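The file structure_30.tsv comes next; it holds TSV, C-alpha atoms.
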chain	number	residue	atom	x	y	z
W	29	MET	CA	12.24	44.56	29.39
W	30	ALA	CA	14.97	46.84	30.73
W	31	PRO	CA	13.95	50.32	31.91
W	32	ALA	CA	16.10	51.83	29.14
W	33	ALA	CA	14.16	49.88	26.53
W	34	GLN	CA	10.85	50.93	28.12
W	35	ALA	CA	11.94	54.54	27.96
W	36	GLN	CA	12.90	54.14	24.30
W	37	PHE	CA	9.74	52.34	23.04
W	38	GLY	CA	7.20	53.25	25.72
W	39	PRO	CA	4.39	50.99	26.96
W	40	ALA	CA	2.14	49.28	24.39
W	41	GLY	CA	-0.90	51.29	23.20
W	42	PRO	CA	-4.52	50.17	22.64
W	43	PRO	CA	-4.87	47.30	20.17
W	44	SER	CA	-5.73	48.23	16.61
W	45	VAL	CA	-9.02	46.75	15.38
W	46	GLY	CA	-11.20	47.00	12.32
W	47	PHE	CA	-14.96	47.48	12.58
W	48	VAL	CA	-18.00	47.33	10.33
W	49	GLU	CA	-21.27	49.13	10.91
W	50	ALA	CA	-24.30	46.94	11.47
W	51	ARG	CA	-26.67	47.58	8.57
W	52	ARG	CA	-30.05	46.30	7.53
W	53	THR	CA	-29.94	44.43	4.24
W	54	PRO	CA	-32.49	42.28	2.36
W	55	VAL	CA	-32.13	38.71	3.60
W	56	THR	CA	-33.88	35.57	2.39
W	57	GLU	CA	-34.74	33.56	5.47
W	58	LEU	CA	-33.78	29.91	5.13
W	59	SER	CA	-34.24	26.79	7.27
W	60	GLU	CA	-32.97	23.31	6.41
W	61	PHE	CA	-34.48	19.93	7.24
W	62	ILE	CA	-34.05	16.34	6.10
W	63	GLY	CA	-37.00	15.02	4.11
W	64	ARG	CA	-38.17	12.29	1.80
W	65	VAL	CA	-39.92	12.54	-1.56
W	66	GLU	CA	-43.23	10.68	-1.74
W	67	ALA	CA	-45.73	9.98	-4.48
W	68	ILE	CA	-49.07	11.58	-3.67
W	69	ALA	CA	-50.84	8.43	-4.91
W	70	ARG	CA	-49.37	4.94	-4.67
W	71	VAL	CA	-51.40	1.92	-5.77
W	72	ASP	CA	-50.50	-1.77	-5.50
W	73	ILE	CA	-51.84	-3.74	-8.48
W	74	ARG	CA	-53.38	-7.03	-7.34
W	75	ALA	CA	-55.24	-9.89	-8.96
W	76	ARG	CA	-58.98	-9.97	-8.21
W	77	VAL	CA	-59.49	-13.55	-9.43
W	78	THR	CA	-57.47	-16.76	-9.45
W	79	GLY	CA	-55.97	-17.83	-12.76
W	80	PHE	CA	-52.92	-18.22	-14.99
W	81	LEU	CA	-51.14	-14.98	-15.87
W	82	GLU	CA	-51.07	-14.91	-19.66
W	83	GLU	CA	-49.49	-11.58	-20.58
W	84	ARG	CA	-47.74	-8.46	-19.25
W	85	LEU	CA	-48.62	-5.40	-21.32
W	86	PHE	CA	-46.26	-2.68	-20.04
W	87	GLN	CA	-42.56	-1.85	-19.86
W	88	GLU	CA	-41.25	-1.96	-16.33
W	89	GLY	CA	-40.25	1.48	-15.02
W	90	SER	CA	-42.22	3.36	-17.67
W	91	GLU	CA	-45.24	5.60	-17.20
W	92	VAL	CA	-48.76	4.37	-17.92
W	93	GLU	CA	-52.01	6.23	-18.45
W	94	GLN	CA	-55.07	5.71	-16.30
W	95	GLY	CA	-57.08	2.79	-17.69
W	96	ALA	CA	-54.17	1.32	-19.67
W	97	PRO	CA	-54.12	-2.53	-19.70
W	98	LEU	CA	-51.33	-3.97	-17.56
W	99	PHE	CA	-51.88	-7.76	-17.24
W	100	ARG	CA	-54.14	-10.40	-18.76
W	101	ILE	CA	-55.27	-13.52	-16.93
W	102	GLU	CA	-56.52	-16.59	-18.83
W	103	ARG	CA	-60.11	-15.83	-19.89
W	104	ALA	CA	-61.46	-19.23	-21.00
W	105	PRO	CA	-62.54	-20.53	-17.54
W	106	PHE	CA	-64.35	-17.28	-16.77
W	107	GLU	CA	-66.04	-17.19	-20.17
W	108	ALA	CA	-67.34	-20.72	-19.46
W	109	GLN	CA	-68.62	-19.60	-16.04
W	110	LEU	CA	-70.42	-16.71	-17.70
W	111	GLU	CA	-72.11	-19.01	-20.21
W	112	GLU	CA	-73.13	-21.35	-17.41
W	113	ALA	CA	-74.61	-18.43	-15.45
W	114	ARG	CA	-76.54	-17.25	-18.52
W	115	ALA	CA	-77.94	-20.76	-19.02
W	116	SER	CA	-79.07	-20.83	-15.41
W	117	LEU	CA	-80.74	-17.47	-15.95
W	118	ALA	CA	-82.60	-18.75	-19.01
W	119	SER	CA	-83.79	-21.78	-17.01
W	120	ALA	CA	-84.97	-19.55	-14.16
W	121	GLU	CA	-86.83	-17.27	-16.56
W	122	ALA	CA	-88.59	-20.30	-18.09
W	123	THR	CA	-89.58	-21.53	-14.63
W	124	GLN	CA	-90.91	-18.08	-13.78
W	125	LEU	CA	-92.97	-17.96	-17.01
W	126	ASN	CA	-94.53	-21.36	-16.23
W	127	ALA	CA	-95.29	-20.24	-12.67
W	128	ARG	CA	-97.06	-17.13	-13.98
W	129	VAL	CA	-99.23	-19.24	-16.32
W	130	ALA	CA	-100.13	-21.54	-13.43
W	131	LEU	CA	-100.98	-18.54	-11.24
W	132	ASN	CA	-103.29	-17.04	-13.86
W	133	ARG	CA	-105.05	-20.39	-14.28
W	134	ALA	CA	-105.52	-20.73	-10.52
W	135	ARG	CA	-107.02	-17.24	-10.34
W	136	GLU	CA	-109.51	-18.02	-13.13
W	137	LEU	CA	-110.56	-21.25	-11.46
W	138	ARG	CA	-110.94	-19.55	-8.12
W	139	SER	CA	-113.07	-16.78	-9.64
W	140	THR	CA	-115.47	-19.35	-11.12
W	141	GLY	CA	-115.58	-21.37	-7.93
W	142	ALA	CA	-113.96	-24.40	-9.51
W	143	GLY	CA	-110.65	-23.86	-7.76
W	144	THR	CA	-109.73	-23.71	-4.10
W	145	GLN	CA	-108.06	-20.91	-2.19
W	146	ALA	CA	-105.28	-23.27	-1.18
W	147	ALA	CA	-104.45	-23.96	-4.82
W	148	LEU	CA	-104.33	-20.20	-5.55
W	149	ASP	CA	-102.08	-19.57	-2.58
W	150	ASN	CA	-99.74	-22.35	-3.68
W	151	ALA	CA	-99.56	-20.94	-7.23
W	152	GLN	CA	-98.73	-17.46	-5.89
W	153	ALA	CA	-95.92	-18.87	-3.72
W	154	GLN	CA	-94.45	-20.79	-6.65
W	155	GLU	CA	-94.55	-17.67	-8.87
W	156	ARG	CA	-92.74	-15.64	-6.23
W	157	THR	CA	-90.18	-18.39	-5.76
W	158	ALA	CA	-89.58	-18.45	-9.51
W	159	ALA	CA	-89.17	-14.64	-9.58
W	160	ALA	CA	-86.60	-14.88	-6.78
W	161	GLY	CA	-84.78	-17.56	-8.77
W	162	VAL	CA	-84.56	-15.20	-11.74
W	163	LEU	CA	-83.06	-12.47	-9.55
W	164	GLY	CA	-80.50	-14.91	-8.18
W	165	ALA	CA	-79.59	-16.10	-11.67
W	166	GLN	CA	-79.24	-12.50	-12.86
W	167	ALA	CA	-76.87	-11.83	-9.95
W	168	GLN	CA	-74.78	-14.86	-10.88
W	169	VAL	CA	-74.53	-13.59	-14.44
W	170	ARG	CA	-73.37	-10.23	-13.11
W	171	VAL	CA	-70.75	-11.89	-10.89
W	172	ALA	CA	-69.50	-13.93	-13.83
W	173	GLU	CA	-69.26	-10.79	-15.98
W	174	ILE	CA	-67.32	-8.98	-13.26
W	175	ASN	CA	-64.90	-11.91	-12.83
W	176	LEU	CA	-64.38	-12.06	-16.58
W	177	ALA	CA	-63.61	-8.32	-16.62
W	178	TYR	CA	-61.07	-8.87	-13.82
W	179	THR	CA	-59.01	-11.03	-16.17
W	180	GLU	CA	-57.82	-7.81	-17.79
W	181	ILE	CA	-56.07	-5.71	-15.14
W	182	ARG	CA	-55.97	-1.99	-15.94
W	183	ALA	CA	-54.15	0.95	-14.36
W	184	PRO	CA	-56.36	2.68	-11.75
W	185	ILE	CA	-54.23	5.86	-11.88
W	186	ALA	CA	-51.68	7.43	-14.19
W	187	GLY	CA	-48.06	7.21	-13.08
W	188	ALA	CA	-44.78	5.33	-13.21
W	189	ILE	CA	-45.05	1.58	-12.76
W	190	GLY	CA	-42.34	-0.43	-11.05
W	191	ARG	CA	-41.11	-3.95	-11.66
W	192	ALA	CA	-43.53	-6.81	-12.21
W	193	THR	CA	-43.51	-9.34	-9.37
W	194	PHE	CA	-44.91	-12.20	-11.48
W	195	THR	CA	-44.05	-13.26	-15.02
W	196	PRO	CA	-46.55	-14.82	-17.45
W	197	GLY	CA	-47.21	-18.49	-16.70
W	198	ASN	CA	-47.60	-18.08	-12.96
W	199	VAL	CA	-50.86	-18.64	-11.12
W	200	VAL	CA	-52.01	-15.55	-9.28
W	201	THR	CA	-54.74	-15.21	-6.67
W	202	PRO	CA	-56.31	-12.37	-4.68
W	203	GLN	CA	-54.02	-13.43	-1.80
W	204	SER	CA	-50.85	-13.13	-3.92
W	205	GLU	CA	-48.50	-10.22	-3.35
W	206	ALA	CA	-48.89	-7.12	-5.51
W	207	LEU	CA	-48.26	-7.74	-9.21
W	208	ALA	CA	-46.70	-4.26	-9.52
W	209	THR	CA	-46.98	-0.78	-7.99
W	210	ILE	CA	-47.89	2.50	-9.67
W	211	TYR	CA	-46.59	5.82	-8.34
W	212	SER	CA	-48.19	9.11	-9.37
W	213	GLN	CA	-45.61	11.49	-10.84
W	214	ASP	CA	-46.71	15.10	-11.06
W	215	PRO	CA	-46.92	16.69	-8.59
W	216	MET	CA	-44.90	14.86	-5.98
W	217	ARG	CA	-44.85	15.41	-2.24
W	218	VAL	CA	-41.91	16.00	0.10
W	219	ALA	CA	-42.43	15.10	3.76
W	220	PHE	CA	-40.18	16.31	6.58
W	221	THR	CA	-40.33	16.70	10.34
W	222	ILE	CA	-39.68	19.87	12.31
W	223	PRO	CA	-38.83	19.95	16.02
W	224	SER	CA	-41.76	21.42	17.90
W	225	ARG	CA	-39.64	24.31	19.18
W	226	THR	CA	-38.53	25.17	15.65
W	227	ALA	CA	-42.12	24.89	14.44
W	228	THR	CA	-43.17	27.47	17.04
W	229	GLU	CA	-40.37	29.82	15.98
W	230	LEU	CA	-41.32	29.50	12.31
W	231	ARG	CA	-44.99	30.08	13.10
W	232	ASN	CA	-44.18	33.25	15.04
W	233	ARG	CA	-41.91	34.43	12.24
W	234	TYR	CA	-44.39	33.99	9.38
W	235	GLU	CA	-47.87	34.24	10.88
W	236	GLY	CA	-47.94	38.01	10.38
W	237	ARG	CA	-46.87	37.65	6.74
W	238	GLY	CA	-49.41	35.14	5.49
W	239	GLY	CA	-48.46	31.92	7.27
W	240	THR	CA	-47.57	29.04	4.95
W	241	SER	CA	-48.16	31.23	1.88
W	242	ALA	CA	-45.15	33.33	2.96
W	243	VAL	CA	-42.72	30.43	2.46
W	244	VAL	CA	-41.64	28.33	-0.50
W	245	VAL	CA	-40.07	24.91	-0.39
W	246	ARG	CA	-36.95	23.96	-2.33
W	247	ILE	CA	-35.10	20.68	-2.23
W	248	ARG	CA	-31.42	19.86	-2.61
W	249	PHE	CA	-30.21	16.48	-3.76
W	250	ALA	CA	-27.47	14.41	-2.14
W	251	GLY	CA	-24.99	15.59	-4.77
W	252	GLY	CA	-25.47	19.22	-3.73
W	253	THR	CA	-27.55	20.41	-6.68
W	254	THR	CA	-30.77	22.30	-5.98
W	255	TYR	CA	-33.97	21.29	-7.74
W	256	GLU	CA	-35.22	24.10	-9.96
W	257	GLN	CA	-38.92	23.68	-9.14
W	258	VAL	CA	-40.37	25.17	-5.95
W	259	GLY	CA	-43.16	23.79	-3.80
W	260	ARG	CA	-45.70	24.97	-1.26
W	261	VAL	CA	-46.59	23.62	2.17
W	262	ASP	CA	-50.02	21.99	1.99
W	263	PHE	CA	-50.17	19.95	5.19
W	264	ILE	CA	-49.10	20.43	8.82
W	265	ASP	CA	-49.94	17.63	11.19
W	266	ALA	CA	-52.46	18.40	13.91
W	267	ALA	CA	-50.47	16.64	16.65
W	268	VAL	CA	-46.84	16.48	17.77
W	269	ASN	CA	-45.17	13.07	17.69
W	270	ARG	CA	-44.77	12.12	21.35
W	271	ASP	CA	-41.71	9.96	20.71
W	272	THR	CA	-39.66	12.53	18.78
W	273	ASP	CA	-41.31	15.83	19.86
W	274	SER	CA	-41.57	16.80	16.21
W	275	LEU	CA	-44.24	17.87	13.77
W	276	LEU	CA	-44.84	16.33	10.33
W	277	VAL	CA	-45.01	18.79	7.43
W	278	ARG	CA	-45.69	18.01	3.78
W	279	ALA	CA	-45.29	20.14	0.68
W	280	SER	CA	-46.43	19.62	-2.89
W	281	ILE	CA	-43.83	20.21	-5.59
W	282	PRO	CA	-44.01	19.89	-9.41
W	283	ASN	CA	-42.21	17.01	-11.10
W	284	PRO	CA	-42.32	17.72	-14.85
W	285	VAL	CA	-40.52	15.73	-17.53
W	286	ARG	CA	-36.85	16.62	-17.66
W	287	GLN	CA	-35.66	18.77	-20.53
W	288	GLY	CA	-34.51	16.50	-23.34
W	289	ALA	CA	-36.32	13.43	-21.95
W	290	THR	CA	-39.30	11.74	-23.55
W	291	ALA	CA	-42.52	11.64	-21.55
W	292	GLY	CA	-43.41	8.12	-20.48
W	293	GLU	CA	-39.97	6.59	-20.75
W	294	PRO	CA	-38.17	5.28	-17.65
W	295	GLY	CA	-36.27	7.98	-15.71
W	296	ALA	CA	-37.95	10.89	-17.48
W	297	ARG	CA	-38.48	12.86	-14.25
W	298	GLU	CA	-36.15	14.15	-11.52
W	299	LEU	CA	-38.07	13.16	-8.39
W	300	LEU	CA	-38.56	9.56	-7.31
W	301	ASP	CA	-40.69	8.08	-4.57
W	302	GLY	CA	-38.63	7.41	-1.43
W	303	GLN	CA	-35.77	9.75	-2.38
W	304	PHE	CA	-33.91	11.41	0.53
W	305	VAL	CA	-33.39	15.17	0.06
W	306	THR	CA	-32.53	18.29	2.03
W	307	VAL	CA	-35.61	20.49	2.38
W	308	LEU	CA	-35.02	24.24	2.25
W	309	LEU	CA	-37.83	26.24	3.81
W	310	GLU	CA	-37.34	29.68	2.29
W	311	GLY	CA	-39.12	32.98	2.85
W	312	ALA	CA	-41.06	33.95	-0.27
W	313	GLN	CA	-40.03	37.61	0.12
W	314	PRO	CA	-36.71	38.93	1.49
W	315	VAL	CA	-36.85	40.80	4.80
W	316	ASN	CA	-34.61	43.61	6.02
W	317	ALA	CA	-32.42	42.28	8.80
W	318	ILE	CA	-29.21	43.37	10.50
W	319	THR	CA	-26.25	41.48	9.05
W	320	ILE	CA	-22.59	41.41	10.03
W	321	PRO	CA	-19.59	39.35	8.92
W	322	ARG	CA	-19.67	35.86	10.41
W	323	ALA	CA	-16.00	36.26	11.40
W	324	ALA	CA	-17.02	38.95	13.90
W	325	VAL	CA	-19.15	36.51	15.92
W	326	ALA	CA	-17.65	34.52	18.75
W	327	GLN	CA	-19.26	31.91	20.99
W	328	ASP	CA	-18.82	30.77	24.57
W	329	GLN	CA	-20.95	29.05	27.20
W	330	MET	CA	-23.31	32.02	27.28
W	331	GLY	CA	-23.93	31.85	23.53
W	332	PHE	CA	-23.02	34.03	20.57
W	333	PHE	CA	-21.54	37.49	21.08
W	334	VAL	CA	-19.60	40.30	19.42
W	335	PHE	CA	-17.56	43.29	20.56
W	336	VAL	CA	-18.73	46.76	19.59
W	337	VAL	CA	-16.86	50.05	19.88
W	338	ASP	CA	-18.76	52.43	22.15
W	339	ALA	CA	-18.76	56.24	22.04
W	340	GLU	CA	-15.70	56.37	24.33
W	341	GLY	CA	-13.64	54.11	22.08
W	342	ARG	CA	-13.89	51.07	24.32
W	343	ALA	CA	-14.80	47.51	23.34
W	344	GLN	CA	-18.08	46.29	24.84
W	345	ARG	CA	-19.55	42.82	24.65
W	346	ARG	CA	-23.00	42.30	23.12
W	347	ASN	CA	-24.80	38.97	23.40
W	348	LEU	CA	-26.68	38.01	20.22
W	349	ARG	CA	-29.53	35.87	19.03
W	350	LEU	CA	-28.75	34.79	15.50
W	351	GLY	CA	-31.08	33.87	12.70
W	352	ARG	CA	-30.26	31.62	9.79
W	353	SER	CA	-26.64	32.46	8.93
W	354	THR	CA	-24.09	31.38	6.36
W	355	ALA	CA	-20.34	30.85	6.58
W	356	GLU	CA	-19.80	34.47	5.47
W	357	THR	CA	-22.75	36.40	6.92
W	358	ALA	CA	-24.53	36.31	10.25
W	359	VAL	CA	-28.16	37.44	10.53
W	360	VAL	CA	-28.79	39.11	13.88
W	361	GLU	CA	-32.31	38.82	15.30
W	362	ASP	CA	-31.53	40.51	18.62
W	363	GLY	CA	-28.57	42.20	20.33
W	364	LEU	CA	-27.51	44.91	17.86
W	365	GLN	CA	-28.87	48.19	16.60
W	366	GLU	CA	-28.37	49.57	13.14
W	367	GLY	CA	-25.22	51.66	13.09
W	368	ASP	CA	-23.40	49.80	15.89
W	369	ARG	CA	-19.67	49.53	15.18
W	370	VAL	CA	-18.91	45.81	15.34
W	371	ILE	CA	-15.29	44.72	15.63
W	372	SER	CA	-14.56	42.27	12.81
W	373	GLU	CA	-10.73	42.42	12.69
W	374	GLY	CA	-8.46	41.88	15.66
W	375	VAL	CA	-11.25	40.39	17.82
W	376	GLN	CA	-8.83	38.00	19.49
W	377	ARG	CA	-6.86	40.93	20.98
W	378	VAL	CA	-9.89	42.59	22.58
W	379	ARG	CA	-11.12	42.41	26.17
W	380	PRO	CA	-14.42	43.86	27.49
W	381	GLY	CA	-14.06	47.52	28.51
W	382	GLN	CA	-10.62	47.86	26.93
W	383	PRO	CA	-9.78	51.00	24.90
W	384	VAL	CA	-9.17	50.16	21.24
W	385	ASN	CA	-7.68	51.92	18.26
W	386	ALA	CA	-10.62	51.41	15.87
W	387	ALA	CA	-10.72	52.03	12.13
W	388	PRO	CA	-13.09	50.80	9.41
W	389	ALA	CA	-12.29	47.22	8.46
W	390	GLY	CA	-9.87	47.02	5.56
W	391	ALA	CA	-8.49	50.56	6.11
W	392	PRO	CA	-4.84	51.08	7.11
W	393	PRO	CA	-4.62	51.14	10.95
W	394	ARG	CA	-4.00	54.49	12.59
W	395	PRO	CA	-0.81	54.68	14.64
W	396	ALA	CA	-1.51	53.96	18.30
W	397	LEU	CA	-0.09	56.46	20.83
W	398	ALA	CA	1.24	55.17	24.06
W	399	PRO	CA	0.10	56.89	27.24
W	400	GLY	CA	2.19	60.02	27.80
W	401	GLN	CA	3.15	60.49	24.14
W	402	GLY	CA	2.02	63.62	22.37
W	403	GLY	CA	0.20	63.79	19.09

For this file, write the structure as structure tokens.
Amino acid sequence: MAPAAQAQFGPAGPPSVGFVEARRTPVTELSEFIGRVEAIARVDIRARVTGFLEERLFQEGSEVEQGAPLFRIERAPFEAQLEEARASLASAEATQLNARVALNRARELRSTGAGTQAALDNAQAQERTAAAGVLGAQAQVRVAEINLAYTEIRAPIAGAIGRATFTPGNVVTPQSEALATIYSQDPMRVAFTIPSRTATELRNRYEGRGGTSAVVVRIRFAGGTTYEQVGRVDFIDAAVNRDTDSLLVRASIPNPVRQGATAGEPGARELLDGQFVTVLLEGAQPVNAITIPRAAVAQDQMGFFVFVVDAEGRAQRRNLRLGRSTAETAVVEDGLQEGDRVISEGVQRVRPGQPVNAAPAGAPPRPALAPGQGG
């Protein structure tokens, strides 16, 4: 610029910036992780005996009560086995009765001297053998009764049942794959892993406020909607995974029937076993923390930082440690004091130690005076 122009306009003054005061506000602490919904109980339904599958007694995908019949296997062969076992028991009981009569006779003869000790000993052995035969026959009857009962397969737990692997008419055996699977429904469990470093930070943050009772668990679905029910952490693994350096955490969360849905029908509940979700670990009570606009925060190789206006009207750099922040607000864990004037407008024009023309953010800028100009 020509000297005449410099004389007319004068050298440029300090840059105009807008600042906000760092204030403590109630903040809900939030951490996000990727997790998976799991049924607390999951049971594979299997055949306990070999036979023809006669009937399926449930609707696939629906909910069943504990003890509800699910499948029926052909009963006739097992009923015949039971009758055969009962006949064997009757025969064994008759043999035992005859052995007892023979034993009593041998005792009488021995007491009168007409019988020998060898004959008495033989009668006692036969009676004991007959008694053992009765016990064995009774056990066979019990086995036959159990096998007959296994022809009707019932639900061991209440929950939603998946698809049936076999249709009626197939032969199933104890070695066959599961006939179906039941998943418990309410409550469900959400499992997620936390890096060990993050786990230590969370422990230090909440251990003075009640530990796991100081946090609640929310989940967000892939579509972006947040599940209305909240859960609680009920399990933290005792060891860190050596391959991933992470810690497994599980939380229990209610899974009631959706409003407007009918209990027991397929799809009546929101959460499904195996569902991927975003886990939101949220402080149960808000805490007072220093917050500033996220636009005021810059980042370089040294980390996050802001410029503050000092008492002499100069911009000074402050390195920060941030907590969980959003796109609009930054939560400052370390680096600022309440009342610090943080530059939030015109940050790109500021250099460390440079005088600035500061005014509250959003207010009209004050006119900057060049050096040598009077007020």

(request) One decimal, Å: what's the distance from CA of Val305 in chain W over to CA of Arg322 in chain W, could you say? (result)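 Separation between CA of Val305 in chain W and CA of Arg322 in chain W: 26.9 Å.
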
(request) Quick one: everything within 12 Å of Ile101 in chain W, counting only C-alpha atoms, minus sequence neighbours fewer than 3 positions away in the same chain. Send it as a PyMOL selection string. (result) chain W and resi 74-85+97-98+104-107+175-182+194-201+207

(request) Can you work out the spacing between CA of Val360 in chain W and CA of Glu310 in chain W in Å, to one decimal? (result)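 Answer for the CA of Val360 in chain W to CA of Glu310 in chain W separation: 17.2 Å.
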
(message) List as an NGL selection string the protein and nucleic acid residues near range 286-289 of chain W, meaning an atom at most 12 Å away when all atoms listed in the file are counted, but skip any in the same chain fewer than 2 places from it.
(response) :W and (214 or 255-257 or 282-284 or 291-299)

(request) For CA of Asn126 in chain W and CA of Arg170 in chain W, quote the distance in Å rounded to one decimal. (result) 24.1 Å

(message) So that I can check the surroundings of Phe333 in chain W, please list as a list in words every protein, DNA and RNA residue that reaches within 7 Å of it, counting only C-alpha atoms and ignoring chain neighbours fewer than 6 positions away.
(response)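 So the residues in contact are Val325, Ala326, Gln327, Arg345, Arg346, Asn347 and Leu348 of chain W.
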
Go ahead and dump the residues you just picked, C-alpha atoms, as a tab-separated table (two decimals), in the frame of the given file.
chain	number	residue	atom	x	y	z
W	325	VAL	CA	-19.15	36.51	15.92
W	326	ALA	CA	-17.65	34.52	18.75
W	327	GLN	CA	-19.26	31.91	20.99
W	345	ARG	CA	-19.55	42.82	24.65
W	346	ARG	CA	-23.00	42.30	23.12
W	347	ASN	CA	-24.80	38.97	23.40
W	348	LEU	CA	-26.68	38.01	20.22

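Shown here are all protein and nucleic acid residues lying within 12 Å of (-28.9, 33.8, 12.0), with all atoms listed in the file considered: Val55, Thr56, Glu57, Leu58, Ser59, Ala317, Ile318, Thr319, Ile320, Pro321, Arg322, Val325, Phe332, Leu348, Arg349, Leu350, Gly351, Arg352, Ser353, Thr354, Ala355, Glu356, Thr357, Ala358, Val359, Val360, Glu361, Asp362 and Gly363 of chain W.
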
(message) From the options W:Ala165, W:Arg217, W:Ala324, W:Thr157, which residue's atoms come nearest to Gly302 in chain W, counting only C-alpha atoms?
(response) W:Arg217

(message) Measuring between all atoms listed in the file, which one of W:Leu300, W:Ile174, W:Ala266, W:Val315 shows the shortest distance to Arg233 in chain W?
(response) W:Val315

(request) Name the closest residue to Ala219 in chain W among the candidates W:Val384, W:Val334, W:Val45, W:Ile247; distances are taken between atoms, counting all atoms listed in the file. (result)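 Nearest to Ala219 in chain W: W:Ile247.
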
(message) At a cut-off of 12 Å, using all atoms listed in the file, what residues contact Phe220 in chain W? Leave out same-chain residues fewer than 5 positions from it and give the result as a list in words.
(response) Glu60, Phe61, Ile62, Gly63, Arg64, Val65, Glu66, Ala227, Val245, Ile247, Val261, Phe263, Ile264, Asp265, Ser274, Leu275, Leu276, Val277, Arg278, Ala279, Ser280, Gln303, Phe304, Val305, Thr306, Val307, Leu308 and Leu309 of chain W

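Compared by their closest atoms to Ala183 in chain W, and using all atoms listed in the file, the residues W:Gln94, W:Gln344, W:Gln124, W:Ser372 rank with W:Gln94 nearest.
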
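Closest approach to Glu49 in chain W among W:Gln376, W:Gln365, W:Ser90, W:Thr228: W:Gln365, based on only C-alpha atoms.
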
(request) Choose the residue, out of W:Gly259, W:Ala142, W:Pro383, W:Pro388, that has the smallest atom-to-atom separation from Gly41 in chain W; count all atoms listed in the file. (result) W:Pro383

(request) Find the residues near Arg191 in chain W: any atom within 10 Å, counting all atoms listed in the file, skip ones fewer than 5 places away on the same chain, and give them as a ChimeraX atom specification. (result) /W:86-90,207-210
